[in-house]
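Have a look at the structure below before the remarks.
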Amino acid sequence: MRRIPSLKSLQAFEAAARRGSFTAAAHELHVTASAISHQIRFLEQGIGLSLFHRDTRTIALTDAGEAYFQQVSEAFSMIEAATRQIERHGKTDILTVHSVPSFAAQWLMPRLSRFSAQHGSIDVRLYASTDPADLAAGLVDVDIRYGSVLPSRGVITQPLPDEAVMPLCSPDLLARADPPLRTPAALRHQTLIHSEVNLLKWADWARLNGGVELDLDRGPRFDRSFMSISAAVDGQGICLESHLLVEREVQTGSLVRIFPDSGHRIACHSISMLRAKQNVPKIKAFLAWMGDELALSSADRVPG
């Protein structure tokens with residue numbers, strides 16, 4: 001006979017551990033906080049271990065509780081996925097991706113047709129915003145972020161490969177530049193396009209190139225890389241962007257690298273998902289596909 005605690009107790013424990021609060025778990029499960037507390041006490045008595053440290057206002061998982069939560073949460077995710085699959089009766093699976101806007105527009109969208117060609121049973125829903133997604137709410141499967149990501153209970157974050165950040169401009173601007181753009185110092189005579197939220201800005205680039213003097217006070221400023229890239233394509237100046245985000249423009253010849261080196265490599269983007277969902281087939285397929293596509297997007301492949 002299987003030794004499985006009551007489903008109510010497991011639901012109460014999983015919700016309280018995920019939410020970090022008996023009250024929040026009670027709201028989610030439409031019961032009272034005392035009912036949540038009672039179910040968890042019942043569970044602890046059954047397994048003979050304390051799962052939470054408790055004081056008057058807060059709760060925190062014990063070491064045993066943390067280990068139990070990870071496995072119980074994964075089990076619930078598997079049950080949820082199996083239930084959705086049965087409900088669809090063979091209909092296509094849905095993968096919901098949330099991403100920062102520039103990565104979504106410049107890198108991900110042009111490639112999604114290739115993912116669909118490989119995984120015809122998965123429909124992708126792509127949402128873009130600068131706000132982090134609430135993965136615990138279950139409305140998003142994976143979240144692609146730019147910059148640092150704060151740790152969150154039950155969430156794992158995988159860094160994407162380092163990106164090469166480099167100056168680029170339109171072919172016409174490069175051809176008519178006076179003086180010719182042969183050294184970093186020559187950029188002091190050019191209009192620089194500023195992406196104000198980028199991790200590596202023109203001041204950083206100048207410092208990394210021997211402290212060259214640049215005119216940092218002039219030039220258009222944008223809070224999204226895709227707008228800076230578009231301005232560079234239009235010949236408004238020189239942008240400083242990741243090789244991932246400009247790959248399409250470089251391949252079509254609307255932007256060119258100014259210098260032959262592959263740029264300064266920094267960690268930029270990461271992808272997050274619930275730990276309990278990392279082995280869900282549609283998420284595993286997307287992660288594997290992302291890895292293959294990113295390998296093809298190496299900075300060394302960007303033409304000079």
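A note on labels: chains of the structure tokens are A, B, ... as shown, every chain counts residues from 1, and ligands are counted from 1 in their shown order.
If you count only C-alpha atoms and ignore residues fewer than 6 places along the chain from range 131-139 of chain A, what sits within 7 Å of it is His98, Met273 and Leu274 of chain A.
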List the spatial neighbours of range 184-189 of chain A as a list in words - criterion: any atom at most 10 Å away, only C-alpha atoms, same-chain residues fewer than 4 positions off excluded.
Pro167, Ala177, Asp178, Pro179, Pro180, Trp205, Ala206, Asn209, Gly210, Gly211, Val212, Glu213, Leu214, Asp215, Leu216, Ile238, Ile258 and Phe259 of chain A
Alpha helix (DSSP H) residues, from DSSP on the backbone, in range 104-228 of chain A, as number ranges by chain
A: 112-118, 171-176, 202-208, 225-228
Can you work out the spacing between CA of Gly48 in chain A and CA of Ser21 in chain A in Å, to one decimal?
21.7 Å
Tell me which protein, DNA and RNA residues are within 10 Å of range 33-45 of chain A, counting only C-alpha atoms, leaving out same-chain ones fewer than 6 positions away, and put them as a PyMOL selection string.
chain A and resi 5-16+21-27+51-52+65
Using only C-alpha atoms: which of A:Leu255, A:Ile266, A:Val140, A:Ile283 has the shortest distance to Leu173 in chain A:
A:Leu255
Would you mind telling me which residue in A:Ser121, A:Ser225, A:Ser272, A:Thr32 lies nearest to Arg145 in chain A when using only C-alpha atoms?
A:Ser272
Between CA of Val246 in chain A and CA of Ser102 in chain A, measure the distance and give it in Å to one decimal.
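Atom-to-atom, CA of Val246 in chain A to CA of Ser102 in chain A, that is 10.3 Å.
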Name all residues at most 10 Å from Gly253 in chain A (count only C-alpha atoms; drop same-chain ones fewer than 5 positions away) and give them as a PyMOL selection string.
chain A and resi 170-171+233+247-248+303
Would you output that residue set with N, CA and C atoms, as a tab-separated table (two decimals), in the first residue's frame?
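Contents of the output file out-v4.tsv:
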```tsv
chain	number	residue	atom	x	y	z
A	170	SER	N	25.53	52.41	-40.21
A	170	SER	CA	25.09	52.09	-41.57
A	170	SER	C	26.30	52.11	-42.50
A	171	PRO	N	26.25	51.34	-43.59
A	171	PRO	CA	27.37	51.35	-44.55
A	171	PRO	C	27.64	52.74	-45.12
A	233	VAL	N	20.42	52.17	-38.25
A	233	VAL	CA	20.11	51.75	-39.61
A	233	VAL	C	19.72	52.96	-40.46
A	247	GLU	N	22.15	40.92	-35.22
A	247	GLU	CA	22.54	39.87	-36.17
A	247	GLU	C	21.78	39.98	-37.50
A	248	ARG	N	20.50	40.24	-37.43
A	248	ARG	CA	19.71	40.32	-38.66
A	248	ARG	C	20.15	41.52	-39.51
A	303	PRO	N	29.84	39.20	-39.46
A	303	PRO	CA	30.80	39.70	-40.43
A	303	PRO	C	31.40	41.02	-39.98
```
To one decimal place, how far is CA of Gln278 in chain A from CA of Trp107 in chain A in Å?
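The value is 22.7 Å.
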